[in-house]
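Only one structure is covered here, and it is reproduced in the block below.
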Amino acid sequence: MRRLCIVSCAVLLLVAAVSCEFNGDLFRGVEGNPFLENAYDIELRAGEETPRFVVVTDVHLGRESNDDGTRRYDGAFKTFLESEIGHCSALVSLGDFVDEANIGRASSAGFVRTFAPYCSGRYIGVIGNHETHVSSMEDWESSIPMQGGVEVYTKRMAVYRFEDVSLYVMDNAKRIFGSMQLDYLEAALEKDSNPVKIVLAHENVFTGRKLDQSLVVFGNCSATEIARFSKILSENGVSLVLTGHTHNGGIVYSYGEGRGGGCYEMNLAAYHGYESSFDLEGKGNWYVVGVDRASREIVVETYAAATAMKVAENRFGY
C-alpha cells in the first residue's frame, strides 16, 4: 500500500511538472486574457460582400527536401487565387507551415508574400507542432514580418472579427489546450455577440471514425479536456472547429447540440500531396470557408490541389 502511494504521488508530481512546463511555454510573454488582449476588428475590403477565407493546413515547407514522396501544386493554387481576387478576406494557415529547421523565415515569408495578396493582403497563422521544432512558441509569433503591404497575424491565441464572423485562434501545438487557455476562451466567448463563431486549432481534438493514423495516433490526449472544450463551445454558440495535423483529413465530428444548434469539428487535409505505398496521407487540398447568410450556414468547400477543382462541400448551421 505504501509503495502504491509513493508511485501515485510520483505520477501526480510528474503530471504537475509537465503542466507547469506547458503553461510556462504557452503563456510566456502573454498578459491578461489573450483572447481579449489580441482581439482584432477587421473591415472587409471593397467588393467583399461577406467574410470568406482561403484555408490551408500542413503546408510543410521544405518537406520535399527530406522526403521525395512530397508533391506541391503551388502553380495551380496561384491560378485559383487569381480567379478569387476581391472575394477572399484572408489566407489562413492551420499550422505546420514549415517542416523542420532547414527551412527558415525566408521560405515562410515567401509563401505569404506570394499568395496572401490575392486574399485581401491578409495572412492569419495558427501555430503547429512543427513550428515548435524551429523556434520557441513565443518567438514564432514574430517569425513572419509584415511586408509588401501584407498584414500578418500570428498571435497564438487571438480573435479576428470580420463583421459578424469571429475567428478564434487557439494553441494546441503540444496536443492539449490546458485549463488556463480554456478558462480564457470561455470568458471571451461569453462576451461575443457575433452569430458566427469558428475556432481554429492545429491538432485535431477528436479522433477516430477513419481507418488511418488518425484513429489512434492523433487527437487530444485528455478525455476530461475534450469534454470541457466541447461543453464551452456548445454553450456559447460556436458552430465549427477547423483543425489539421493528420494530413489525411476529410473527417467531421459532432460536438453535440448547443445554443444556436450543433457544433462540429472538421479535420482538414494537408496542402501538400504525398505519394506512398500505404496511402495514409492526402493528395493535396485547400479550402474556402464562407457564410451563407440566407440559409444561416457556414460553407466549407474542398478543392483538390492537383486540378484546382472543387470536390466537396460541407455545410454547418449557426
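Ordering of the C-alpha cells sets the chain letters (A, B, ...), residue numbers begin anew at 1 in every chain, and ligands are numbered from 1 in the order given.
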So that each row is one residue of range 22-129 of chain A with an atom at most 9 Å from range 183-197 of chain A, can you give its shortest atom pair and the distance in Å to one decimal, using only C-alpha atoms, rows by chain and rising number, as CSV?
```
residue,atom,partner,partner_atom,distance
A:Gly32,CA,A:Tyr184,CA,8.9
A:Asn33,CA,A:Tyr184,CA,5.6
A:Pro34,CA,A:Tyr184,CA,7.3
A:Phe35,CA,A:Ala188,CA,6.1
A:Leu36,CA,A:Ala188,CA,6.3
```
Do you have, as CSV, the list of residues of range 54-138 of chain A lying at most 10 Å from range 284-293 of chain A, each with its nearest atom pair and that distance in Å to one decimal, counting only C-alpha atoms and ordered by chain then number?
```
residue,atom,partner,partner_atom,distance
A:Val54,CA,A:Val288,CA,4.6
A:Val55,CA,A:Tyr287,CA,5.0
A:Val56,CA,A:Trp286,CA,5.1
A:Thr57,CA,A:Trp286,CA,7.7
A:Asp58,CA,A:Gly284,CA,9.8
A:Val59,CA,A:Gly284,CA,9.3
A:Thr70,CA,A:Gly284,CA,9.6
A:Arg71,CA,A:Gly284,CA,7.8
A:Arg72,CA,A:Gly284,CA,7.7
A:Tyr73,CA,A:Gly284,CA,7.9
A:Phe77,CA,A:Trp286,CA,8.3
A:Cys88,CA,A:Val288,CA,8.6
A:Ser89,CA,A:Gly290,CA,9.7
A:Leu91,CA,A:Val288,CA,9.5
A:Val92,CA,A:Tyr287,CA,9.7
```
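Assigned to helix (DSSP H, G or I) in range 217-302 of chain A, given DSSP computed from backbone atoms, are Ala223, Thr224, Glu225, Ile226, Ala227, Arg228, Phe229, Ser230, Lys231, Ile232, Leu233, Ser234 and Glu235 of chain A.
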Dump all heavy atoms for the selected residues as an mmCIF file, in the first residue's frame?
```
data_model
loop_
_atom_site.group_PDB
_atom_site.id
_atom_site.type_symbol
_atom_site.label_atom_id
_atom_site.label_comp_id
_atom_site.auth_asym_id
_atom_site.auth_seq_id
_atom_site.Cartn_x
_atom_site.Cartn_y
_atom_site.Cartn_z
ATOM 1 N N ALA A 223 -9.375 13.082 -22.113
ATOM 2 C CA ALA A 223 -10.825 12.969 -22.283
ATOM 3 C C ALA A 223 -11.553 14.050 -21.492
ATOM 4 O O ALA A 223 -12.587 14.574 -21.925
ATOM 5 C CB ALA A 223 -11.290 11.583 -21.845
ATOM 6 N N THR A 224 -11.026 14.397 -20.319
ATOM 7 C CA THR A 224 -11.632 15.445 -19.493
ATOM 8 C C THR A 224 -11.591 16.791 -20.218
ATOM 9 O O THR A 224 -12.566 17.547 -20.222
ATOM 10 C CB THR A 224 -10.898 15.557 -18.142
ATOM 11 O OG1 THR A 224 -10.963 14.298 -17.472
ATOM 12 C CG2 THR A 224 -11.526 16.628 -17.272
ATOM 13 N N GLU A 225 -10.449 17.093 -20.834
ATOM 14 C CA GLU A 225 -10.328 18.363 -21.544
ATOM 15 C C GLU A 225 -11.228 18.407 -22.778
ATOM 16 O O GLU A 225 -11.841 19.436 -23.074
ATOM 17 C CB GLU A 225 -8.870 18.601 -21.953
ATOM 18 C CG GLU A 225 -8.654 19.973 -22.564
ATOM 19 C CD GLU A 225 -7.198 20.337 -22.715
ATOM 20 O OE1 GLU A 225 -6.553 20.626 -21.687
ATOM 21 O OE2 GLU A 225 -6.687 20.324 -23.855
ATOM 22 N N ILE A 226 -11.335 17.302 -23.490
ATOM 23 C CA ILE A 226 -12.225 17.246 -24.651
ATOM 24 C C ILE A 226 -13.654 17.548 -24.227
ATOM 25 O O ILE A 226 -14.368 18.315 -24.880
ATOM 26 C CB ILE A 226 -12.162 15.857 -25.324
ATOM 27 C CG1 ILE A 226 -10.797 15.647 -25.972
ATOM 28 C CG2 ILE A 226 -13.258 15.723 -26.371
ATOM 29 C CD1 ILE A 226 -10.602 14.257 -26.532
ATOM 30 N N ALA A 227 -14.084 16.939 -23.127
ATOM 31 C CA ALA A 227 -15.454 17.146 -22.647
ATOM 32 C C ALA A 227 -15.683 18.611 -22.280
ATOM 33 O O ALA A 227 -16.729 19.184 -22.609
ATOM 34 C CB ALA A 227 -15.715 16.245 -21.444
ATOM 35 N N ARG A 228 -14.715 19.220 -21.613
ATOM 36 C CA ARG A 228 -14.884 20.618 -21.218
ATOM 37 C C ARG A 228 -14.865 21.543 -22.434
ATOM 38 O O ARG A 228 -15.667 22.469 -22.537
ATOM 39 C CB ARG A 228 -13.783 21.034 -20.243
ATOM 40 C CG ARG A 228 -14.066 22.430 -19.709
ATOM 41 C CD ARG A 228 -13.039 22.950 -18.759
ATOM 42 N NE ARG A 228 -13.384 24.329 -18.430
ATOM 43 C CZ ARG A 228 -12.507 25.263 -18.153
ATOM 44 N NH1 ARG A 228 -11.216 24.979 -18.139
ATOM 45 N NH2 ARG A 228 -12.895 26.486 -17.889
ATOM 46 N N PHE A 229 -13.952 21.295 -23.353
ATOM 47 C CA PHE A 229 -13.868 22.086 -24.585
ATOM 48 C C PHE A 229 -15.188 22.020 -25.343
ATOM 49 O O PHE A 229 -15.748 23.041 -25.757
ATOM 50 C CB PHE A 229 -12.718 21.553 -25.435
ATOM 51 C CG PHE A 229 -12.512 22.262 -26.740
ATOM 52 C CD1 PHE A 229 -12.175 23.608 -26.775
ATOM 53 C CD2 PHE A 229 -12.624 21.580 -27.940
ATOM 54 C CE1 PHE A 229 -11.957 24.264 -27.974
ATOM 55 C CE2 PHE A 229 -12.409 22.219 -29.149
ATOM 56 C CZ PHE A 229 -12.074 23.570 -29.175
ATOM 57 N N SER A 230 -15.708 20.816 -25.507
ATOM 58 C CA SER A 230 -16.977 20.624 -26.209
ATOM 59 C C SER A 230 -18.109 21.371 -25.513
ATOM 60 O O SER A 230 -18.946 22.013 -26.161
ATOM 61 C CB SER A 230 -17.290 19.128 -26.284
ATOM 62 O OG SER A 230 -18.538 18.902 -26.884
ATOM 63 N N LYS A 231 -18.147 21.331 -24.196
ATOM 64 C CA LYS A 231 -19.196 21.992 -23.417
ATOM 65 C C LYS A 231 -19.114 23.514 -23.585
ATOM 66 O O LYS A 231 -20.138 24.189 -23.770
ATOM 67 C CB LYS A 231 -19.071 21.604 -21.949
ATOM 68 C CG LYS A 231 -20.169 22.151 -21.033
ATOM 69 C CD LYS A 231 -20.016 21.541 -19.635
ATOM 70 C CE LYS A 231 -21.159 21.964 -18.712
ATOM 71 N NZ LYS A 231 -21.051 23.376 -18.303
ATOM 72 N N ILE A 232 -17.905 24.058 -23.526
ATOM 73 C CA ILE A 232 -17.724 25.509 -23.677
ATOM 74 C C ILE A 232 -18.241 25.970 -25.038
ATOM 75 O O ILE A 232 -18.967 26.969 -25.151
ATOM 76 C CB ILE A 232 -16.239 25.888 -23.513
ATOM 77 C CG1 ILE A 232 -15.803 25.734 -22.061
ATOM 78 C CG2 ILE A 232 -15.993 27.329 -23.977
ATOM 79 C CD1 ILE A 232 -14.311 25.885 -21.847
ATOM 80 N N LEU A 233 -17.883 25.239 -26.089
ATOM 81 C CA LEU A 233 -18.308 25.636 -27.428
ATOM 82 C C LEU A 233 -19.819 25.529 -27.594
ATOM 83 O O LEU A 233 -20.460 26.427 -28.135
ATOM 84 C CB LEU A 233 -17.604 24.772 -28.480
ATOM 85 C CG LEU A 233 -16.075 24.770 -28.483
ATOM 86 C CD1 LEU A 233 -15.556 24.134 -29.769
ATOM 87 C CD2 LEU A 233 -15.511 26.171 -28.334
ATOM 88 N N SER A 234 -20.379 24.423 -27.132
ATOM 89 C CA SER A 234 -21.821 24.203 -27.289
ATOM 90 C C SER A 234 -22.638 25.237 -26.524
ATOM 91 O O SER A 234 -23.689 25.682 -26.987
ATOM 92 C CB SER A 234 -22.183 22.792 -26.830
ATOM 93 O OG SER A 234 -21.555 21.814 -27.627
ATOM 94 N N GLU A 235 -22.152 25.643 -25.354
ATOM 95 C CA GLU A 235 -22.904 26.593 -24.527
ATOM 96 C C GLU A 235 -22.751 28.044 -25.006
ATOM 97 O O GLU A 235 -23.521 28.907 -24.589
ATOM 98 C CB GLU A 235 -22.448 26.495 -23.074
ATOM 99 C CG GLU A 235 -22.884 25.206 -22.385
ATOM 100 C CD GLU A 235 -22.454 25.146 -20.933
ATOM 101 O OE1 GLU A 235 -21.613 25.991 -20.525
ATOM 102 O OE2 GLU A 235 -22.946 24.259 -20.207
#
```
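Closest approach to Asp67 in chain A among A:His272, A:Arg122, A:Lys155, A:Lys310 is made by A:His272 (distances from only C-alpha atoms).
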As an exercise, work out the distance from CA of His60 in chain A to CA of His130 in chain A in Å and give it to one decimal place. 8.3 Å
Could you name the residues that touch Glu281 in chain A at 9 Å or less, counting only C-alpha atoms, but leaving out those on the same chain fewer than 3 positions away, as a short mmCIF file (atom, residue, chain, number, x, y, z; two decimals) with all heavy atoms, in the first residue's frame?
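As written to disk, result_15.cif reads:
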```
data_model
loop_
_atom_site.label_atom_id
_atom_site.label_comp_id
_atom_site.auth_asym_id
_atom_site.auth_seq_id
_atom_site.Cartn_x
_atom_site.Cartn_y
_atom_site.Cartn_z
N ASP A 212 -7.28 5.10 -40.41
CA ASP A 212 -5.95 5.58 -40.76
C ASP A 212 -5.24 5.98 -39.48
O ASP A 212 -5.68 5.64 -38.37
CB ASP A 212 -6.02 6.73 -41.77
CG ASP A 212 -6.69 7.97 -41.22
OD1 ASP A 212 -7.07 7.99 -40.02
OD2 ASP A 212 -6.85 8.95 -41.97
N GLN A 213 -4.14 6.73 -39.62
CA GLN A 213 -3.35 7.09 -38.44
C GLN A 213 -4.09 7.98 -37.46
O GLN A 213 -3.72 8.07 -36.29
CB GLN A 213 -2.03 7.77 -38.86
CG GLN A 213 -2.19 9.12 -39.52
CD GLN A 213 -2.36 9.03 -41.02
OE1 GLN A 213 -2.92 8.07 -41.52
NE2 GLN A 213 -1.88 10.04 -41.75
N THR A 246 -3.43 15.81 -39.24
CA THR A 246 -3.45 14.40 -39.61
C THR A 246 -2.98 14.17 -41.05
O THR A 246 -2.67 13.04 -41.41
CB THR A 246 -4.85 13.79 -39.45
OG1 THR A 246 -5.72 14.36 -40.43
CG2 THR A 246 -5.40 14.04 -38.06
N HIS A 247 -2.98 15.21 -41.87
CA HIS A 247 -2.61 15.19 -43.29
C HIS A 247 -3.69 14.55 -44.16
O HIS A 247 -3.84 14.94 -45.32
CB HIS A 247 -1.28 14.49 -43.53
CG HIS A 247 -0.09 15.24 -43.02
ND1 HIS A 247 1.20 14.99 -43.45
CD2 HIS A 247 0.02 16.25 -42.12
CE1 HIS A 247 2.04 15.81 -42.84
NE2 HIS A 247 1.33 16.57 -42.02
N ASN A 248 -4.41 13.59 -43.65
CA ASN A 248 -5.41 12.91 -44.46
C ASN A 248 -6.74 13.67 -44.48
O ASN A 248 -7.31 13.91 -45.52
CB ASN A 248 -5.62 11.48 -43.94
CG ASN A 248 -6.04 10.52 -45.04
OD1 ASN A 248 -6.49 10.94 -46.08
ND2 ASN A 248 -5.88 9.23 -44.79
N GLY A 249 -7.19 14.05 -43.31
CA GLY A 249 -8.36 14.91 -43.21
C GLY A 249 -9.64 14.28 -43.73
O GLY A 249 -9.78 13.07 -43.86
N ALA A 269 -7.36 18.20 -44.67
CA ALA A 269 -6.20 17.51 -45.22
C ALA A 269 -5.08 18.49 -45.54
O ALA A 269 -5.31 19.70 -45.70
CB ALA A 269 -6.60 16.74 -46.47
N ALA A 270 -3.87 17.97 -45.67
CA ALA A 270 -2.69 18.79 -45.90
C ALA A 270 -2.74 19.49 -47.26
O ALA A 270 -3.29 18.96 -48.24
CB ALA A 270 -1.43 17.94 -45.81
N GLY A 273 0.60 17.35 -51.29
CA GLY A 273 0.23 15.97 -51.51
C GLY A 273 1.37 15.04 -51.16
O GLY A 273 2.53 15.46 -51.06
N TYR A 274 1.04 13.78 -50.95
CA TYR A 274 2.09 12.82 -50.61
C TYR A 274 1.77 11.47 -51.25
O TYR A 274 0.63 10.98 -51.16
CB TYR A 274 2.21 12.66 -49.09
CG TYR A 274 3.40 11.86 -48.67
CD1 TYR A 274 4.67 12.42 -48.69
CD2 TYR A 274 3.27 10.53 -48.28
CE1 TYR A 274 5.79 11.69 -48.32
CE2 TYR A 274 4.38 9.78 -47.91
CZ TYR A 274 5.63 10.37 -47.93
OH TYR A 274 6.74 9.64 -47.57
N GLU A 275 2.78 10.90 -51.91
CA GLU A 275 2.63 9.61 -52.56
C GLU A 275 3.41 8.55 -51.79
O GLU A 275 4.61 8.71 -51.54
CB GLU A 275 3.14 9.68 -54.00
CG GLU A 275 2.45 10.71 -54.88
CD GLU A 275 1.01 10.36 -55.18
OE1 GLU A 275 0.65 9.15 -55.08
OE2 GLU A 275 0.23 11.27 -55.51
N SER A 276 2.72 7.49 -51.38
CA SER A 276 3.39 6.38 -50.71
C SER A 276 2.59 5.11 -50.94
O SER A 276 1.41 5.15 -51.32
CB SER A 276 3.52 6.65 -49.21
OG SER A 276 2.26 6.54 -48.57
N PHE A 278 1.50 3.09 -48.76
CA PHE A 278 0.47 2.85 -47.75
C PHE A 278 -0.73 3.78 -47.89
O PHE A 278 -1.77 3.55 -47.30
CB PHE A 278 1.08 3.00 -46.35
CG PHE A 278 2.12 1.97 -46.04
CD1 PHE A 278 3.48 2.29 -46.08
CD2 PHE A 278 1.77 0.67 -45.75
CE1 PHE A 278 4.45 1.34 -45.80
CE2 PHE A 278 2.73 -0.30 -45.48
CZ PHE A 278 4.07 0.04 -45.51
N GLY A 284 -3.31 16.37 -51.41
CA GLY A 284 -3.19 17.82 -51.51
C GLY A 284 -4.55 18.49 -51.65
O GLY A 284 -5.32 18.15 -52.56
#
```
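Distances here use only C-alpha atoms; by that measure, the residue among A:Asn172, A:Ser222, A:Ser120, A:Ser83 closest to Gly47 in chain A is A:Ser120.
From CA of Gln181 in chain A back to CA of Pro51 in chain A, the distance works out to 26.4 Å.
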